[in-house]
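Engineer: My structure is stored as protein-v3.cif, with mmCIF, C-alpha atoms and all ligand atoms.
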data_run
loop_
_atom_site.label_atom_id
_atom_site.label_comp_id
_atom_site.auth_asym_id
_atom_site.auth_seq_id
_atom_site.Cartn_x
_atom_site.Cartn_y
_atom_site.Cartn_z
CA MET C 58 101.56 33.78 -12.72
CA THR C 59 100.63 32.98 -9.13
CA LYS C 60 98.88 29.60 -8.94
CA LYS C 61 96.01 29.09 -6.54
CA ILE C 62 95.57 26.16 -4.16
CA ALA C 63 92.23 25.47 -2.46
CA VAL C 64 92.98 23.99 0.96
CA LEU C 65 90.19 21.80 2.38
CA PRO C 66 91.26 20.16 5.68
CA GLY C 67 87.88 18.46 6.24
CA ASP C 68 87.31 16.33 9.33
CA GLY C 69 89.16 14.41 12.05
CA ILE C 70 92.92 14.20 11.51
CA GLY C 71 92.37 16.10 8.24
CA GLN C 72 92.75 19.30 10.24
CA GLU C 73 96.08 18.27 11.80
CA ILE C 74 97.77 16.73 8.77
CA VAL C 75 96.78 19.51 6.37
CA ALA C 76 98.24 22.06 8.81
CA GLU C 77 101.62 20.31 8.39
CA ALA C 78 101.31 20.23 4.59
CA VAL C 79 100.53 23.96 4.63
CA LYS C 80 103.74 24.52 6.67
CA VAL C 81 105.67 22.76 3.90
CA ILE C 82 104.05 24.90 1.18
CA GLU C 83 104.80 28.07 3.19
CA ALA C 84 108.43 26.99 3.48
CA LEU C 85 108.68 26.38 -0.29
CA LYS C 86 107.22 29.86 -0.88
CA THR C 87 110.29 31.30 0.82
CA HIS C 88 112.34 29.29 -1.74
CA GLY C 89 110.49 30.83 -4.70
CA LEU C 90 107.30 28.78 -5.09
CA ASP C 91 104.70 31.19 -6.45
CA VAL C 92 101.37 30.04 -5.01
CA GLU C 93 98.55 31.39 -2.90
CA MET C 94 96.32 29.31 -0.63
CA GLU C 95 92.70 29.75 0.39
CA GLN C 96 90.93 27.57 2.92
CA GLY C 97 87.43 26.12 2.43
CA LEU C 98 85.01 23.88 4.29
CA VAL C 99 84.12 20.33 3.27
CA GLY C 100 82.66 17.23 4.89
CA GLY C 101 81.12 17.04 8.36
CA THR C 102 82.77 20.27 9.46
CA ALA C 103 81.11 22.02 6.52
CA TYR C 104 77.77 20.39 7.36
CA ASP C 105 77.98 21.64 10.95
CA GLU C 106 78.62 25.22 9.84
CA THR C 107 76.47 25.47 6.71
CA GLY C 108 74.08 22.50 6.57
CA SER C 109 75.86 21.12 3.47
CA PRO C 110 78.94 18.85 3.16
CA LEU C 111 79.89 20.76 0.00
CA PRO C 112 78.90 24.43 0.38
CA THR C 113 78.49 26.57 -2.76
CA GLU C 114 81.43 28.78 -1.70
CA THR C 115 83.72 25.72 -1.49
CA LEU C 116 82.68 24.53 -4.93
CA LYS C 117 83.29 28.01 -6.33
CA LEU C 118 86.71 28.15 -4.66
CA THR C 119 87.74 24.76 -6.07
CA LYS C 120 86.60 25.67 -9.59
CA GLU C 121 88.71 28.84 -9.48
CA SER C 122 91.80 27.02 -8.19
CA ASP C 123 94.60 25.26 -10.08
CA ALA C 124 94.70 22.48 -7.50
CA ILE C 125 92.94 21.28 -4.37
CA LEU C 126 94.58 19.89 -1.25
CA LEU C 127 92.16 17.77 0.76
CA GLY C 128 92.67 16.19 4.21
CA ALA C 129 89.88 13.68 4.79
CA VAL C 130 86.17 13.62 5.49
CA GLY C 131 83.91 11.63 7.79
CA GLY C 132 83.59 10.62 11.42
CA TYR C 133 81.36 8.95 14.02
CA LYS C 134 79.50 12.20 14.67
CA TRP C 135 77.93 12.30 11.21
CA GLU C 136 77.29 8.59 10.62
CA SER C 137 73.55 8.78 11.37
CA LEU C 138 72.90 11.73 9.03
CA ASP C 139 70.77 11.29 5.92
CA ILE C 140 72.98 9.90 3.14
CA ALA C 141 72.45 13.03 1.00
CA VAL C 142 74.27 15.24 3.53
CA ARG C 143 76.88 12.82 4.88
CA PRO C 144 80.49 14.06 4.77
CA GLU C 145 81.41 11.56 1.99
CA LYS C 146 78.91 13.34 -0.29
CA GLY C 147 81.23 16.35 -0.19
CA LEU C 148 84.06 14.29 -1.63
CA LEU C 149 81.94 12.53 -4.28
CA GLY C 150 80.41 15.88 -5.21
CA LEU C 151 83.85 17.39 -5.81
CA ARG C 152 84.93 14.44 -7.98
CA ALA C 153 81.76 14.69 -10.09
CA GLU C 154 81.60 18.51 -10.35
CA LEU C 155 85.25 18.79 -11.39
CA ASP C 156 85.10 15.68 -13.64
CA LEU C 157 88.14 14.16 -11.93
CA PHE C 158 88.27 11.04 -14.10
CA ALA C 159 91.88 9.95 -13.51
CA ASN C 160 92.83 8.62 -10.10
CA LEU C 161 96.57 8.23 -9.57
CA ARG C 162 97.58 6.03 -6.67
CA PRO C 163 101.29 5.42 -6.23
CA ALA C 164 102.45 2.55 -4.07
CA ILE C 165 105.95 3.42 -2.99
CA LEU C 166 107.89 1.60 -0.35
CA TYR C 167 110.59 3.58 1.33
CA PRO C 168 113.51 1.22 2.01
CA GLN C 169 113.60 2.52 5.59
CA LEU C 170 110.08 1.06 6.10
CA ALA C 171 110.56 -2.32 4.36
CA ASN C 172 109.76 -4.16 7.59
CA ALA C 173 106.29 -2.57 7.74
CA SER C 174 105.07 -4.68 4.81
CA SER C 175 103.41 -8.04 5.33
CA LEU C 176 105.52 -9.36 2.43
CA LYS C 177 109.21 -10.21 2.65
CA PRO C 178 111.46 -7.13 2.40
CA LYS C 179 113.26 -8.53 -0.67
CA ILE C 180 109.95 -8.71 -2.57
CA VAL C 181 108.85 -5.17 -1.78
CA SER C 182 111.91 -3.04 -1.03
CA GLY C 183 112.28 -0.36 -3.68
CA LEU C 184 108.67 -0.86 -4.80
CA ASP C 185 107.41 2.06 -6.93
CA ILE C 186 104.16 1.41 -8.80
CA MET C 187 101.67 3.95 -10.14
CA ILE C 188 98.11 2.71 -10.48
CA VAL C 189 95.99 4.84 -12.83
CA ARG C 190 92.33 4.12 -12.11
CA GLU C 191 89.40 5.38 -14.18
CA LEU C 192 87.26 7.21 -11.62
CA THR C 193 84.04 8.53 -13.15
CA GLY C 194 82.76 5.67 -15.34
CA GLY C 195 82.38 1.91 -15.43
CA ILE C 196 80.17 -0.27 -13.27
CA TYR C 197 79.95 2.21 -10.36
CA PHE C 198 78.04 4.64 -12.58
CA GLY C 199 76.54 2.46 -15.36
CA GLU C 200 72.77 2.35 -15.94
CA PRO C 201 70.51 0.45 -15.59
CA ARG C 202 71.18 -0.55 -12.01
CA GLY C 203 69.06 -1.69 -9.12
CA VAL C 204 67.25 -4.65 -7.61
CA ARG C 205 64.14 -6.03 -9.30
CA ILE C 206 61.60 -8.73 -8.49
CA LEU C 207 61.46 -11.58 -10.98
CA GLU C 208 58.25 -13.34 -12.03
CA ASN C 209 58.87 -16.12 -9.53
CA GLY C 210 59.13 -13.51 -6.74
CA GLU C 211 62.91 -13.86 -6.38
CA ARG C 212 64.97 -10.64 -6.12
CA GLN C 213 67.64 -9.98 -8.75
CA GLY C 214 70.37 -7.33 -8.30
CA TYR C 215 72.02 -5.84 -11.38
CA ASN C 216 74.63 -3.25 -12.40
CA THR C 217 75.98 -2.33 -15.80
CA LEU C 218 79.61 -2.15 -16.84
CA VAL C 219 79.84 0.41 -19.65
CA TYR C 220 82.73 2.36 -21.18
CA LYS C 221 82.75 4.66 -24.17
CA GLU C 222 85.83 4.66 -26.39
CA SER C 223 86.49 8.28 -25.44
CA GLU C 224 86.55 7.38 -21.73
CA VAL C 225 89.10 4.61 -22.31
CA LYS C 226 91.20 6.80 -24.57
CA ARG C 227 91.51 9.66 -22.09
CA ILE C 228 92.54 7.45 -19.16
CA ALA C 229 95.04 5.55 -21.34
CA GLU C 230 96.49 8.89 -22.46
CA VAL C 231 97.06 9.82 -18.82
CA ALA C 232 98.79 6.48 -18.21
CA PHE C 233 101.11 6.87 -21.22
CA ASP C 234 101.99 10.45 -20.20
CA ILE C 235 102.79 9.41 -16.64
CA ALA C 236 104.84 6.41 -17.78
CA ARG C 237 106.89 8.77 -19.92
CA LYS C 238 107.96 10.61 -16.73
CA ARG C 239 108.86 7.28 -15.05
CA ASP C 240 110.13 3.96 -16.47
CA SER C 241 108.08 4.15 -19.72
CA ARG C 242 106.13 0.92 -19.12
CA VAL C 243 102.33 0.56 -18.98
CA CYS C 244 100.40 -2.57 -18.08
CA SER C 245 96.70 -2.31 -18.97
CA VAL C 246 94.54 -4.53 -16.78
CA ASP C 247 91.24 -5.95 -18.06
CA LYS C 248 89.13 -9.10 -18.27
CA ALA C 249 89.07 -9.21 -22.07
CA ASN C 250 88.64 -12.99 -22.10
CA VAL C 251 85.18 -12.68 -20.53
CA LEU C 252 83.86 -9.11 -20.81
CA GLU C 253 83.22 -7.51 -24.21
CA VAL C 254 83.51 -4.04 -22.72
CA THR C 255 87.06 -4.71 -21.60
CA GLU C 256 87.86 -6.42 -24.91
CA MET C 257 87.04 -3.02 -26.43
CA TRP C 258 89.12 -1.39 -23.66
CA ARG C 259 92.11 -3.45 -24.79
CA ASP C 260 91.53 -2.54 -28.47
CA VAL C 261 91.34 1.19 -27.69
CA VAL C 262 94.53 1.05 -25.58
CA ASN C 263 96.30 -0.78 -28.43
CA GLU C 264 95.09 1.81 -30.96
CA LEU C 265 96.34 4.67 -28.80
CA HIS C 266 99.64 2.88 -28.37
CA GLU C 267 100.28 3.32 -32.10
CA ASP C 268 100.98 6.99 -31.28
CA ASN C 269 102.94 6.17 -28.11
CA LYS C 270 105.48 3.66 -29.33
CA ASP C 271 108.13 4.99 -26.94
CA ILE C 272 106.14 3.34 -24.14
CA GLU C 273 106.32 -0.43 -23.61
CA LEU C 274 102.72 -1.71 -23.38
CA SER C 275 101.54 -5.00 -21.94
CA HIS C 276 98.09 -6.37 -21.05
CA MET C 277 97.10 -8.54 -18.13
CA TYR C 278 93.84 -10.11 -16.94
CA VAL C 279 92.76 -8.71 -13.60
CA ASP C 280 92.89 -12.03 -11.76
CA ASN C 281 96.49 -12.54 -12.83
CA ALA C 282 97.29 -8.91 -11.97
CA ALA C 283 96.06 -9.43 -8.41
CA MET C 284 98.25 -12.51 -8.14
CA GLN C 285 101.29 -10.80 -9.65
CA LEU C 286 100.92 -7.85 -7.27
CA VAL C 287 101.56 -10.08 -4.29
CA ARG C 288 103.97 -12.45 -6.07
CA ALA C 289 106.37 -10.05 -7.79
CA PRO C 290 105.07 -6.46 -7.51
CA LYS C 291 108.28 -4.83 -8.70
CA GLN C 292 107.61 -6.01 -12.29
CA PHE C 293 105.10 -3.13 -12.67
CA ASP C 294 105.73 0.53 -13.50
CA VAL C 295 102.34 2.05 -14.43
CA MET C 296 99.11 0.02 -14.32
CA VAL C 297 95.97 1.42 -15.96
CA THR C 298 92.54 -0.05 -15.38
CA THR C 299 88.79 0.38 -14.93
CA ASN C 300 87.08 1.98 -11.96
CA MET C 301 86.24 -1.21 -10.06
CA PHE C 302 89.40 -3.18 -10.90
CA GLY C 303 91.43 -0.10 -9.93
CA ASP C 304 89.57 0.31 -6.67
CA ILE C 305 90.53 -3.19 -5.60
CA LEU C 306 94.04 -3.40 -7.06
CA SER C 307 95.10 0.00 -5.71
CA ASP C 308 94.14 -0.95 -2.15
CA CYS C 309 96.04 -4.20 -2.55
CA ALA C 310 99.10 -2.37 -3.91
CA ALA C 311 98.91 0.27 -1.19
CA MET C 312 98.96 -2.36 1.51
CA LEU C 313 102.11 -3.93 0.05
CA THR C 314 103.83 -0.95 1.61
CA GLY C 315 102.21 -1.63 4.99
CA SER C 316 101.85 2.02 5.94
CA ILE C 317 98.56 3.77 5.23
CA GLY C 318 99.93 7.03 6.62
CA MET C 319 102.57 7.29 3.87
CA LEU C 320 100.58 7.13 0.63
CA PRO C 321 99.37 10.14 -1.38
CA SER C 322 96.90 10.23 -4.27
CA ALA C 323 95.76 12.51 -7.05
CA SER C 324 92.52 12.80 -9.02
CA LEU C 325 92.86 14.75 -12.26
CA ASN C 326 90.54 16.16 -14.91
CA ALA C 327 91.18 16.90 -18.58
CA LYS C 328 92.44 20.41 -17.78
CA GLY C 329 95.19 19.06 -15.53
CA GLN C 330 93.38 20.45 -12.52
CA GLY C 331 93.59 18.00 -9.66
CA MET C 332 92.54 17.12 -6.16
CA TYR C 333 95.33 15.76 -3.96
CA GLU C 334 94.75 13.80 -0.77
CA PRO C 335 96.20 11.05 1.39
CA ILE C 336 94.65 7.63 0.68
CA HIS C 337 93.61 7.20 4.31
CA GLY C 338 90.47 8.54 5.95
CA SER C 339 89.80 10.92 8.82
CA ALA C 340 90.92 8.41 11.50
CA PRO C 341 88.45 9.58 14.18
CA ASP C 342 90.04 7.11 16.62
CA ILE C 343 93.20 9.23 16.84
CA ALA C 344 91.90 12.69 15.86
CA GLY C 345 92.93 15.66 18.00
CA GLN C 346 95.87 13.82 19.62
CA ASN C 347 98.72 15.15 17.46
CA ILE C 348 99.85 11.60 16.68
CA ALA C 349 98.66 11.11 13.07
CA ASN C 350 101.24 10.67 10.32
CA PRO C 351 101.24 13.80 8.11
CA LEU C 352 103.61 12.36 5.47
CA ALA C 353 100.90 11.07 3.08
CA THR C 354 99.46 14.59 2.94
CA ILE C 355 102.88 16.19 2.54
CA LEU C 356 103.64 13.73 -0.28
CA SER C 357 100.27 14.67 -1.82
CA VAL C 358 101.63 18.22 -2.06
CA ALA C 359 104.60 16.82 -4.01
CA MET C 360 102.18 15.14 -6.44
CA MET C 361 100.29 18.42 -6.77
CA LEU C 362 103.48 20.28 -7.65
CA ARG C 363 104.39 17.65 -10.24
CA TYR C 364 101.02 17.04 -11.92
CA SER C 365 99.05 20.31 -11.63
CA LEU C 366 101.52 23.12 -10.92
CA ASP C 367 104.39 22.15 -13.23
CA GLU C 368 106.95 22.40 -10.41
CA SER C 369 108.76 19.05 -10.61
CA ALA C 370 111.93 20.36 -8.95
CA MET C 371 109.92 21.50 -5.90
CA ALA C 372 108.19 18.09 -5.83
CA ASP C 373 111.60 16.38 -5.81
CA ARG C 374 112.62 18.56 -2.87
CA ILE C 375 109.67 17.43 -0.79
CA GLU C 376 110.24 13.76 -1.62
CA LYS C 377 113.92 14.03 -0.75
CA ALA C 378 113.05 15.80 2.52
CA VAL C 379 110.70 12.94 3.47
CA ASP C 380 113.45 10.46 2.66
CA LYS C 381 115.80 12.42 4.88
CA VAL C 382 113.52 12.49 7.92
CA LEU C 383 113.10 8.73 7.58
CA ASP C 384 116.89 8.38 7.43
CA GLN C 385 116.99 10.43 10.62
CA LYS C 386 114.91 7.59 12.16
CA LEU C 387 111.99 9.93 12.91
CA ARG C 388 108.68 8.01 13.03
CA THR C 389 105.10 8.80 13.94
CA ALA C 390 103.35 6.11 16.01
CA ASP C 391 101.91 4.23 13.01
CA ILE C 392 105.34 3.50 11.49
CA TYR C 393 107.32 3.31 14.74
CA SER C 394 109.56 0.33 15.47
CA ASP C 395 112.30 -0.39 18.01
CA GLY C 396 115.36 1.82 17.76
CA MET C 397 113.49 4.67 16.07
CA LYS C 398 112.63 8.08 17.51
CA GLN C 399 108.90 8.64 17.97
CA VAL C 400 107.60 12.08 17.02
CA SER C 401 104.23 13.83 16.95
CA THR C 402 102.33 15.08 13.89
CA SER C 403 103.65 18.61 14.26
CA GLU C 404 107.22 17.48 15.03
CA MET C 405 107.19 15.41 11.84
CA GLY C 406 105.98 18.44 9.85
CA ASP C 407 108.69 20.61 11.40
CA ALA C 408 111.34 17.99 10.58
CA VAL C 409 110.28 17.91 6.91
CA VAL C 410 110.43 21.71 6.74
CA ALA C 411 113.92 21.63 8.30
CA ALA C 412 115.01 18.95 5.79
CA LEU C 413 113.82 21.02 2.81
P1 LIG S 501 90.89 5.49 8.18
O1 LIG S 501 91.80 5.46 7.02
O2 LIG S 501 90.43 6.82 8.63
O3 LIG S 501 91.57 4.74 9.41
C1 LIG S 501 91.97 3.38 9.38
C2 LIG S 501 93.02 3.14 10.48
O4 LIG S 501 94.26 3.72 10.08
C3 LIG S 501 92.67 3.78 11.82
O5 LIG S 501 93.10 2.95 12.87
C4 LIG S 501 93.46 5.07 11.83
O6 LIG S 501 93.81 5.52 13.12
C5 LIG S 501 94.69 4.70 11.01
N1 LIG S 501 95.21 5.84 10.25
C6 LIG S 501 94.66 6.41 9.14
N2 LIG S 501 95.39 7.45 8.75
C7 LIG S 501 96.42 7.55 9.60
C8 LIG S 501 97.52 8.45 9.70
N3 LIG S 501 97.73 9.45 8.84
N4 LIG S 501 98.39 8.27 10.71
C9 LIG S 501 98.23 7.26 11.58
N5 LIG S 501 97.23 6.39 11.53
C10 LIG S 501 96.32 6.53 10.55
O7 LIG S 501 89.65 4.56 7.78
P2 LIG S 501 88.29 4.24 8.57
O8 LIG S 501 88.58 4.13 10.04
O9 LIG S 501 87.69 3.11 7.85
O10 LIG S 501 87.36 5.49 8.32
C11 LIG S 501 87.25 6.61 9.21
C12 LIG S 501 86.41 7.70 8.52
O11 LIG S 501 87.12 8.17 7.39
C13 LIG S 501 85.06 7.21 8.02
O12 LIG S 501 84.11 8.21 8.27
C14 LIG S 501 85.29 7.03 6.53
O13 LIG S 501 84.11 7.20 5.79
C15 LIG S 501 86.26 8.14 6.25
N6 LIG S 501 87.10 7.95 5.05
C16 LIG S 501 87.36 9.06 4.33
C17 LIG S 501 88.20 8.99 3.25
C18 LIG S 501 88.51 10.25 2.51
O14 LIG S 501 88.24 11.32 3.00
N7 LIG S 501 89.12 10.18 1.34
C19 LIG S 501 88.78 7.76 2.88
C20 LIG S 501 88.50 6.62 3.67
C21 LIG S 501 87.67 6.74 4.76
#
Any chance you could give the structure as structure tokens?
Structural biologist:
Amino acid sequence: MTKKIAVLPGDGIGQEIVAEAVKVIEALKTHGLDVEMEQGLVGGTAYDETGSPLPTETLKLTKESDAILLGAVGGYKWESLDIAVRPEKGLLGLRAELDLFANLRPAILYPQLANASSLKPKIVSGLDIMIVRELTGGIYFGEPRGVRILENGERQGYNTLVYKESEVKRIAEVAFDIARKRDSRVCSVDKANVLEVTEMWRDVVNELHEDNKDIELSHMYVDNAAMQLVRAPKQFDVMVTTNMFGDILSDCAAMLTGSIGMLPSASLNAKGQGMYEPIHGSAPDIAGQNIANPLATILSVAMMLRYSLDESAMADRIEKAVDKVLDQKLRTADIYSDGMKQVSTSEMGDAVVAAL
């Protein structure tokens, strides 16, 4: 059956990089990929046209689709808008409406780009970590929250870190399933020595592991995990953790690779439906110049094929094509170094299509 992809370019470089990803999908269609694409508005562009960063038609389109390809949202133009209609609300609205609770953030270092990392090449070359972050619970959503005035007149800020067993179980299940398609190792990151909620997290992960004995499970406190990520990152295969710990650790892991324009991400719900997007933003400083790196978005398409459309072989093709263009020394400005050949956004997209 033909699968449907909602294509939401969004703002800034989102428009340019998604155009290149669409080229790649069109090329795969000529090789037998059975998908249809429909474009929708989101973010500031949607606000300008409809008065809402997440129009009803876009929400309807995404709910009817098997997967969503998103560029990025945001930009200087919309920064002074009321917070309720800012571009970022479009993105948060999609995550909440579709219950996208599992955020998958790979940190992969292509050997050709080992010099882009701030760490020594021998520590990071060949790096391939998948961070699975819980995305719709934990301290970012827990109640009560706020700032109150104490009896002595002093202000006190407070947030609540809460997880239900079912929330831990479903994110751990995702981590075990993903590990099974990789090196079969999961490291669950918590702060069980201090926080009862993450002590329970650890217990639930251990209980679920009873049914997943083919996966090697380890546990690590978050402070140690942060240290290990910069000391010896290649020890990890899949890391699974809470919303806030994952937010911080995934940015740290991403930067080990040194190239924001190369990293894709996925956010999945229980039905396997997912939203796929580069980890970077709309880069208003370079928008409209045809110089942005489209590879993170193209690699997001590969994740989409693997995790939502059950087309692993097509995903492999994209990843191999990206590897090939890097071997050909083609580089957009953000990953350019001496001796390489600098190309534009659209030239990079064309090169990937040719390499397919
Ligand atoms: P950013 O990721 O957009 O840009 C950071 C820096 O990286 C900039 O110098 C930019 O030019 C560069 N960069 C980013 N992507 C690149 C690419 N593909 N190729 C080459 N260079 C690239 O982050 P920011 O500047 O903090 O935010 C800009 C806007 O994006 C803000 O409005 C922010 O809210 C929004 N944002 C959106 C998302 C999202 O849509 N998921 C994520 C982060 C930020």
Engineer: Show which residues sit within 7 Å of region 75-78 of chain C, as JSON, numbers by chain. Count all atoms listed in the file, and ignore same-chain residues fewer than 4 positions away.
Structural biologist: {"C": [66, 71, 82, 128, 351, 354, 355, 358, 403, 406]}
Engineer: Record the distance separating CA of Ala229 (chain C) and CA of Ala282 (chain C), expressed in Å with one decimal.
Structural biologist: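 For CA of Ala229 (chain C) relative to CA of Ala282 (chain C), the distance reads 17.4 Å.
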Engineer: Between CA of Ala124 (chain C) and CA of Val64 (chain C), what is the distance in Å, rounded to a tenth?
Structural biologist: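 One can read the CA of Ala124 (chain C) to CA of Val64 (chain C) distance as 8.8 Å.
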Engineer: Once 5 Å is added on each side, what are the centre and the three edge lengths, in Å to one decimal, of the axis-aligned box enclosing the listed atoms of region 237-247 of chain C? Present them as AutoDock Vina command-line options.
Structural biologist:
--center_x 100.7 --center_y 2.3 --center_z -17.5 --size_x 28.9 --size_y 26.6 --size_z 14.9
Engineer: For a cutoff of 12 Å around the file-coordinate point (95.4, 18.5, 3.7), which residues qualify once you count all atoms listed in the file? I'd like the result as a PyMOL selection string.
Structural biologist: chain C and resi 62-82+94+96-99+124-130+321-322+332-339+350-358+361
Engineer: Determine the nearest neighbour of Ala236 (chain C) from the options C:Glu93, C:Asp271, C:Glu83, C:Glu114, counting all atoms listed in the file.
Structural biologist: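 Comparing C:Glu93, C:Asp271, C:Glu83, C:Glu114 against Ala236 (chain C), the winner is C:Asp271.
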Engineer: Would you list the contacts of region 204-217 of chain C as a count of residues only, taking every protein, DNA or RNA residue within 12 Å and counting only C-alpha atoms, but skipping same-chain residues closer than 5 positions in sequence?
Structural biologist: 9
Engineer: Have a look at C:Thr107, C:Gln169, C:Asn160, C:Ser275 and name the one nearest to Lys386 (chain C); count all atoms listed in the file.
Structural biologist: C:Gln169
Engineer: One decimal, Å: what's the distance from CA of Ser307 (chain C) over to CA of Arg190 (chain C), could you say?
Structural biologist: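 Between CA of Ser307 (chain C) and CA of Arg190 (chain C) the gap is 8.1 Å.
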Engineer: Have a look at C:Met284, C:Ile235, C:Leu192, C:Ala311 and name the one nearest to Asn269 (chain C); count all atoms listed in the file.
Structural biologist: C:Ile235
Engineer: Env of region 249-251 of chain C: 10 Å cut, atoms = all atoms listed in the file, seq-sep filter 3 positions within chain, self excluded. Answer as a PyMOL selection string.
Structural biologist: chain C and resi 246+254-260+276-279
Engineer: Given the choices C:Leu366, C:Ala411, C:Val261, C:Leu320, which gets closest to ligand LIG 501 (chain S) if the distance is worked out from all atoms listed in the file?
Structural biologist: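 Closest to ligand LIG 501 (chain S) of all the choices is C:Leu320.
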